[in-house]
file data.cif (mmCIF, C-alpha atoms)
data_model
#
loop_
_atom_site.label_atom_id
_atom_site.label_comp_id
_atom_site.auth_asym_id
_atom_site.auth_seq_id
_atom_site.Cartn_x
_atom_site.Cartn_y
_atom_site.Cartn_z
CA MET A 1 66.08 -37.34 18.86
CA LEU A 2 63.69 -35.90 16.32
CA LEU A 3 60.86 -38.15 15.17
CA ARG A 4 59.56 -37.83 11.63
CA LYS A 5 56.36 -39.69 10.75
CA ASP A 6 56.59 -41.69 7.54
CA GLY A 7 53.30 -43.50 7.01
CA LEU A 8 52.94 -46.02 9.82
CA GLU A 9 56.66 -45.87 10.51
CA VAL A 10 58.87 -43.33 12.24
CA ILE A 11 62.31 -42.04 11.25
CA ALA A 12 64.38 -41.31 14.35
CA ILE A 13 66.89 -38.56 13.51
CA PRO A 14 69.72 -37.98 16.00
CA GLN A 15 70.37 -34.42 17.09
CA PRO A 16 73.89 -34.33 15.59
CA SER A 17 72.49 -35.36 12.20
CA HIS A 18 69.95 -32.54 12.31
CA ALA A 19 72.82 -30.20 13.24
CA TRP A 20 74.77 -31.46 10.23
CA LEU A 21 71.88 -30.28 8.07
CA SER A 22 72.15 -26.86 9.75
CA GLY A 23 75.81 -26.81 8.77
CA GLN A 24 75.00 -27.61 5.15
CA MET A 25 72.75 -24.56 4.97
CA ALA A 26 75.34 -22.40 6.75
CA ARG A 27 77.97 -23.27 4.14
CA ALA A 28 75.55 -22.29 1.34
CA TRP A 29 74.26 -19.13 3.06
CA GLY A 30 74.68 -15.58 1.79
CA ASN A 31 73.73 -13.21 -1.03
CA GLU A 32 73.10 -9.48 -1.48
CA HIS A 33 70.31 -9.58 1.13
CA PHE A 34 71.83 -12.04 3.65
CA ALA A 35 75.43 -11.83 4.81
CA ALA A 36 77.55 -14.95 4.47
CA PRO A 37 78.85 -16.36 7.78
CA THR A 38 81.80 -14.41 9.19
CA PRO A 39 84.19 -15.80 10.29
CA TYR A 40 83.06 -18.38 7.77
CA ASP A 41 84.67 -21.61 8.95
CA GLU A 42 84.02 -21.01 12.64
CA VAL A 43 80.34 -20.12 12.19
CA CYS A 44 79.73 -23.06 9.85
CA LEU A 45 81.47 -25.37 12.30
CA ALA A 46 79.30 -24.09 15.15
CA ALA A 47 76.17 -24.59 13.06
CA GLU A 48 76.99 -28.20 12.24
CA GLN A 49 78.25 -29.05 15.73
CA HIS A 50 75.75 -27.14 17.87
CA ASP A 51 74.34 -30.40 19.24
CA ILE A 52 77.71 -32.02 19.93
CA GLY A 53 76.72 -32.44 23.57
CA TRP A 54 74.07 -34.96 22.53
CA LEU A 55 76.49 -37.48 20.97
CA ASP A 56 76.54 -40.00 23.83
CA TRP A 57 72.82 -39.56 24.56
CA GLU A 58 71.82 -40.25 20.98
CA MET A 59 73.84 -43.45 20.82
CA ARG A 60 71.62 -44.83 23.59
CA PRO A 61 68.54 -42.58 23.81
CA ALA A 62 66.04 -42.83 26.61
CA LEU A 63 62.73 -44.54 25.93
CA ASP A 64 59.57 -42.46 26.15
CA ALA A 65 57.27 -44.87 28.00
CA GLY A 66 54.21 -42.98 26.78
CA THR A 67 54.98 -43.43 23.09
CA GLY A 68 57.23 -46.50 23.02
CA LEU A 69 59.69 -44.48 20.94
CA PRO A 70 62.95 -42.61 21.61
CA GLN A 71 62.47 -39.62 23.86
CA GLU A 72 62.27 -36.46 21.77
CA PHE A 73 64.75 -33.73 22.62
CA PHE A 74 62.12 -31.31 23.93
CA ARG A 75 60.88 -33.94 26.42
CA VAL A 76 64.26 -34.48 28.07
CA PRO A 77 64.05 -33.54 31.78
CA SER A 78 65.60 -30.22 32.74
CA MET A 79 68.52 -31.59 34.76
CA ALA A 80 69.55 -33.94 31.96
CA HIS A 81 69.04 -31.19 29.37
CA ILE A 82 71.31 -28.81 31.27
CA ALA A 83 73.99 -31.48 31.58
CA LEU A 84 73.84 -32.15 27.82
CA TRP A 85 74.28 -28.49 26.94
CA ARG A 86 77.06 -28.03 29.48
CA GLU A 87 78.84 -30.99 27.90
CA GLY A 88 78.25 -29.53 24.44
CA VAL A 89 79.99 -26.28 25.31
CA ARG A 90 82.83 -28.19 26.97
CA ARG A 91 83.35 -30.34 23.88
CA ALA A 92 83.08 -27.36 21.54
CA CYS A 93 86.05 -25.77 23.30
CA ILE A 94 88.19 -28.44 21.64
CA PHE A 95 87.46 -26.80 18.29
CA GLY A 96 88.26 -23.29 19.48
CA ARG A 97 86.92 -20.20 21.19
CA TYR A 98 84.60 -18.94 18.48
CA PRO A 99 82.53 -22.10 17.89
CA ALA A 100 82.40 -22.73 21.64
CA LEU A 101 81.13 -19.19 22.22
CA LEU A 102 78.40 -19.58 19.58
CA ILE A 103 77.27 -22.92 21.00
CA SER A 104 77.12 -21.43 24.48
CA LEU A 105 75.11 -18.50 23.12
CA HIS A 106 72.80 -20.94 21.35
CA ALA A 107 72.06 -22.69 24.63
CA ASP A 108 71.33 -19.25 26.06
CA THR A 109 68.94 -18.53 23.17
CA ILE A 110 67.11 -21.83 23.56
CA TYR A 111 66.41 -21.26 27.25
CA ALA A 112 65.40 -17.64 26.67
CA ARG A 113 62.90 -18.64 23.97
CA TYR A 114 61.52 -21.93 25.21
CA PHE A 115 62.01 -22.38 28.96
CA ASP A 116 59.05 -21.15 30.98
CA PHE A 117 60.33 -20.15 34.41
CA ALA A 118 56.78 -19.47 35.57
CA LYS A 119 55.72 -23.08 34.95
CA ALA A 120 58.95 -24.78 36.01
CA SER A 121 59.52 -26.27 39.44
CA VAL A 122 61.62 -24.22 41.82
CA GLU A 123 64.42 -26.78 41.57
CA ASN A 124 64.47 -26.74 37.77
CA ALA A 125 64.23 -22.95 37.57
CA GLU A 126 67.16 -22.55 39.97
CA ALA A 127 69.21 -25.08 38.01
CA VAL A 128 68.57 -23.29 34.72
CA ARG A 129 69.46 -19.90 36.23
CA ALA A 130 72.69 -21.36 37.63
CA PHE A 131 73.53 -22.88 34.24
CA LEU A 132 72.87 -19.60 32.42
CA ASP A 133 74.94 -17.65 34.95
CA GLU A 134 77.78 -20.12 34.32
CA GLN A 135 77.42 -19.68 30.56
CA HIS A 136 77.34 -15.89 30.84
CA ARG A 137 80.65 -15.99 32.71
CA PHE A 138 82.10 -18.27 30.06
CA GLN A 139 80.83 -15.99 27.29
CA ALA A 140 82.33 -12.90 28.94
CA ARG A 141 85.74 -14.56 29.40
CA THR A 142 85.78 -15.97 25.88
CA THR A 143 84.67 -12.73 24.25
CA ALA A 144 87.29 -10.72 26.17
CA SER A 145 89.96 -13.20 25.12
CA MET A 146 89.03 -12.95 21.44
CA ARG A 147 88.82 -9.15 21.49
CA ALA A 148 92.33 -9.07 22.91
CA ASP A 149 93.53 -11.20 19.97
CA PRO A 150 94.32 -9.01 16.93
CA LYS A 151 93.39 -11.87 14.59
CA LEU A 152 89.88 -12.18 16.07
CA ALA A 153 89.08 -8.74 17.48
CA GLU A 154 87.04 -7.50 14.52
CA GLN A 155 85.07 -10.75 14.25
CA ALA A 156 84.36 -10.65 17.99
CA SER A 157 82.60 -7.29 17.91
CA PRO A 158 79.22 -7.18 19.70
CA ASP A 159 77.33 -6.69 16.40
CA THR A 160 79.08 -9.61 14.68
CA ILE A 161 78.57 -11.97 17.60
CA GLU A 162 74.89 -11.04 17.86
CA HIS A 163 74.44 -11.54 14.10
CA ASN A 164 76.01 -14.99 14.37
CA ARG A 165 73.92 -15.92 17.41
CA LEU A 166 70.74 -15.15 15.47
CA LEU A 167 72.03 -16.98 12.40
CA ILE A 168 72.73 -20.18 14.36
CA ALA A 169 69.25 -19.97 15.90
CA ALA A 170 67.62 -19.52 12.47
CA LEU A 171 69.56 -22.40 10.92
CA ASP A 172 68.68 -24.63 13.86
CA ARG A 173 64.96 -23.88 13.53
CA MET A 174 65.00 -24.32 9.75
CA SER A 175 66.74 -27.67 10.09
CA LEU A 176 64.30 -28.88 12.73
CA GLU A 177 61.33 -28.07 10.50
CA ILE A 178 62.93 -29.76 7.49
CA CYS A 179 63.66 -32.89 9.53
CA TRP A 180 60.11 -33.01 10.92
CA GLY A 181 58.61 -32.47 7.45
CA VAL A 182 57.04 -29.17 6.42
CA LYS A 183 53.26 -29.52 6.08
CA LYS A 184 52.20 -25.87 6.40
CA GLU A 185 53.87 -22.48 6.16
CA ILE A 186 56.61 -22.14 8.76
CA LYS A 187 57.76 -18.71 9.93
CA ILE A 188 61.35 -18.33 11.11
CA PRO A 189 61.70 -15.10 13.15
CA THR A 190 64.64 -12.70 13.59
CA VAL A 191 66.79 -13.99 10.72
CA PRO A 192 69.78 -11.63 10.38
CA THR A 193 70.15 -9.84 7.03
CA ALA A 194 73.08 -8.25 5.23
CA GLY A 195 72.49 -5.04 7.16
CA ALA A 196 71.91 -4.41 10.81
CA GLY A 197 68.33 -5.65 10.83
CA THR A 198 66.47 -8.94 10.85
CA THR A 199 63.61 -10.38 8.85
CA GLU A 200 61.06 -13.18 9.00
CA LEU A 201 61.78 -16.09 6.68
CA ARG A 202 58.85 -18.19 5.48
CA MET A 203 59.16 -21.82 4.46
CA GLN A 204 56.46 -23.89 2.79
CA SER A 205 56.12 -27.07 0.80
CA ARG A 206 55.67 -26.98 -2.96
CA ASP A 207 54.13 -30.33 -3.90
CA GLY A 208 56.66 -32.56 -5.58
CA GLU A 209 59.21 -29.77 -5.91
CA GLY A 210 60.70 -29.41 -2.45
CA LEU A 211 60.46 -26.39 -0.16
CA VAL A 212 60.11 -22.73 -1.04
CA LEU A 213 61.85 -20.05 1.04
CA ASP A 214 60.92 -16.38 1.01
CA PRO A 215 63.00 -14.25 1.21
CA TRP A 216 65.77 -16.31 -0.38
CA PRO A 217 69.04 -16.44 1.62
CA PHE A 218 71.29 -18.36 -0.79
CA PRO A 219 73.30 -17.33 -3.88
CA THR A 220 72.31 -20.34 -6.02
CA ALA A 221 68.94 -21.21 -7.58
CA SER A 222 68.39 -24.15 -5.22
CA VAL A 223 70.06 -25.88 -2.29
CA ALA A 224 69.83 -29.61 -1.52
CA VAL A 225 70.20 -30.75 2.09
CA ARG A 226 70.00 -34.04 3.92
CA ALA A 227 70.10 -35.75 7.28
CA GLU A 228 70.10 -39.42 8.17
CA GLY A 229 68.10 -41.36 10.72
CA LYS A 230 66.92 -44.86 11.54
CA ARG A 231 63.58 -46.30 10.44
CA LEU A 232 61.50 -47.73 13.29
CA CYS A 233 58.56 -49.97 12.41
CA ARG A 234 57.12 -50.58 15.87
CA ARG A 235 56.91 -49.35 19.46
CA PHE A 236 59.04 -50.66 22.32
CA ALA A 237 58.44 -51.68 25.92
CA THR A 238 62.05 -51.48 27.12
CA GLU A 239 65.09 -49.34 26.43
CA ALA A 240 67.11 -52.47 25.71
CA GLY A 241 64.65 -53.40 22.98
CA LEU A 242 64.74 -49.90 21.56
CA HIS A 243 68.54 -49.85 21.52
CA ARG A 244 68.73 -53.23 19.76
CA ALA A 245 66.26 -52.01 17.17
CA LEU A 246 68.23 -48.81 16.55
CA ASP A 247 71.43 -50.80 16.11
CA GLU A 248 69.74 -53.03 13.55
CA ALA A 249 67.38 -50.53 11.90
CA GLU A 250 67.46 -49.58 8.25
CA ALA A 251 69.12 -46.23 7.61
CA ALA A 252 66.74 -43.59 6.24
CA LEU A 253 67.83 -40.45 4.40
CA VAL A 254 65.74 -37.33 4.93
CA THR A 255 66.28 -34.99 2.00
CA ALA A 256 64.93 -31.66 0.84
CA VAL A 257 65.58 -29.26 -2.02
CA LEU A 258 65.13 -25.61 -1.14
CA HIS A 259 63.93 -23.19 -3.84
CA LYS A 260 63.47 -19.46 -4.22
CA ALA A 261 59.81 -18.36 -4.12
#
call {"tool": "encode", "arguments": {"input": "data.cif", "output": "structure tokens"}}
result
Amino acid sequence: MLLRKDGLEVIAIPQPSHAWLSGQMARAWGNEHFAAPTPYDEVCLAAEQHDIGWLDWEMRPALDAGTGLPQEFFRVPSMAHIALWREGVRRACIFGRYPALLISLHADTIYARYFDFAKASVENAEAVRAFLDEQHRFQARTTASMRADPKLAEQASPDTIEHNRLLIAALDRMSLEICWGVKKEIKIPTVPTAGAGTTELRMQSRDGEGLVLDPWPFPTASVAVRAEGKRLCRRFATEAGLHRALDEAEAALVTAVLHKA
């Protein structure tokens, strides 16, 4: 889960809801400076389902004994984290090859950017390497299959796949920051543009008027997005207590309106 502070309370946002917000931005994405998703439906589907592996976990999240709140996604132990991403790729295959490939590549990106092999235990490092090797084999098979399909060959080119991998990563990071609440300027690196290059996208709050993005990646003057979580008013000593509270908690919408700088 993602935890968003709201005064003395906390809004617990499930991973799939944050991913839904990513999908909303994907469907609005594209102008003369930023290429719209291609293939459109498959990329947008991957953006909004990139955390599909977390569905069961988020229905009954683990308790973080140190905080008395749901365990945040970046605190999930490595073995459990690997299993969740493996399940996500497996489930994504139900939708089709292209979204499954992008979700597998997104797992690859997350571990490349955020997993520190030097600080990990030998056991965890070996498990991550084995998982990535497994995903690389899956990616190679899936890519070869799509390139052999005349209907998908052009969209499965190395440049297009790499563009889409970077786009999913950028949308994921943007959505995370929106769900957490933007308090200072946020820099989103390696956002793919309409050409072959990438750029840095900056996001900051404009008091009372939503969030400002520069450069602007959408065709319209503003874009409204939302996710939904559960409002928690206290800390918990047991997982059973946490789960009861989540079942009974008030729903809380997290909304933002994005504007051109």
call {"tool": "residues_around", "arguments": {"input": "data.cif", "residues": "stretch 89-104 of chain A", "least_positions_apart": "5", "cutoff": "7 Å", "atoms": "only C-alpha atoms", "output": "list in words"}}
result
Glu42, Val43, Leu45, Ala46, His50, Gly53, Gln135, Gln139, Thr142 and Arg165 of chain A
call {"tool": "resolve_selection", "arguments": {"input": "data.cif", "expression": "the PyMOL selection byres ((chain A and resi 238) around 12)", "output": "list in words"}}
result
Pro61, Ala62, Leu63, Asp64, Ala65, Gly66, Thr67, Gly68, Leu69, Pro70, Arg235, Phe236, Ala237, Glu239, Ala240, Gly241, Leu242, His243, Arg244 and Ala245 of chain A
call {"tool": "resolve_selection", "arguments": {"input": "data.cif", "expression": "the PyMOL selection byres ((chain A and resi 34-36) around 9)", "output": "compact mmCIF listing (two decimals) with C-alpha atoms, in the coordinates of the input"}}
result
# COMPACT_ATOMS: atom_id res chain seq x y z
CA ALA A 26 75.34 -22.40 6.75
CA ARG A 27 77.97 -23.27 4.14
CA ALA A 28 75.55 -22.29 1.34
CA TRP A 29 74.26 -19.13 3.06
CA GLY A 30 74.68 -15.58 1.79
CA ASN A 31 73.73 -13.21 -1.03
CA GLU A 32 73.10 -9.48 -1.48
CA HIS A 33 70.31 -9.58 1.13
CA PRO A 37 78.85 -16.36 7.78
CA THR A 38 81.80 -14.41 9.19
CA PRO A 39 84.19 -15.80 10.29
CA TYR A 40 83.06 -18.38 7.77
CA VAL A 191 66.79 -13.99 10.72
CA PRO A 192 69.78 -11.63 10.38
CA THR A 193 70.15 -9.84 7.03
CA ALA A 194 73.08 -8.25 5.23
CA GLY A 195 72.49 -5.04 7.16
CA TRP A 216 65.77 -16.31 -0.38
CA PRO A 217 69.04 -16.44 1.62
CA PHE A 218 71.29 -18.36 -0.79
call {"tool": "closest_residue", "arguments": {"input": "data.cif", "among": "A:Ser157, A:Leu167, A:Pro215, A:Trp180", "to": "A:Thr109", "atoms": "all atoms listed in the file"}}
result
A:Leu167
call {"tool": "resolve_selection", "arguments": {"input": "data.cif", "expression": "the PyMOL selection byres ((chain A and resi 254) around 8)", "output": "PyMOL selection string"}}
result
chain A and resi 179+226-229+252-253+255-256
call {"tool": "atom_distance", "arguments": {"input": "data.cif", "atom1": "atom CA of A:Ser205", "atom2": "atom CA of A:Glu185"}}
result
7.4 Å
call {"tool": "closest_residue", "arguments": {"input": "data.cif", "among": "A:Asp51, A:Asp56, A:Asp133, A:Glu250", "to": "A:Asp108", "atoms": "all atoms listed in the file"}}
result
A:Asp133
call {"tool": "closest_residue", "arguments": {"input": "data.cif", "among": "A:Leu2, A:Val10, A:Ala19, A:Ala107", "to": "A:Arg234", "atoms": "only C-alpha atoms"}}
result
A:Val10
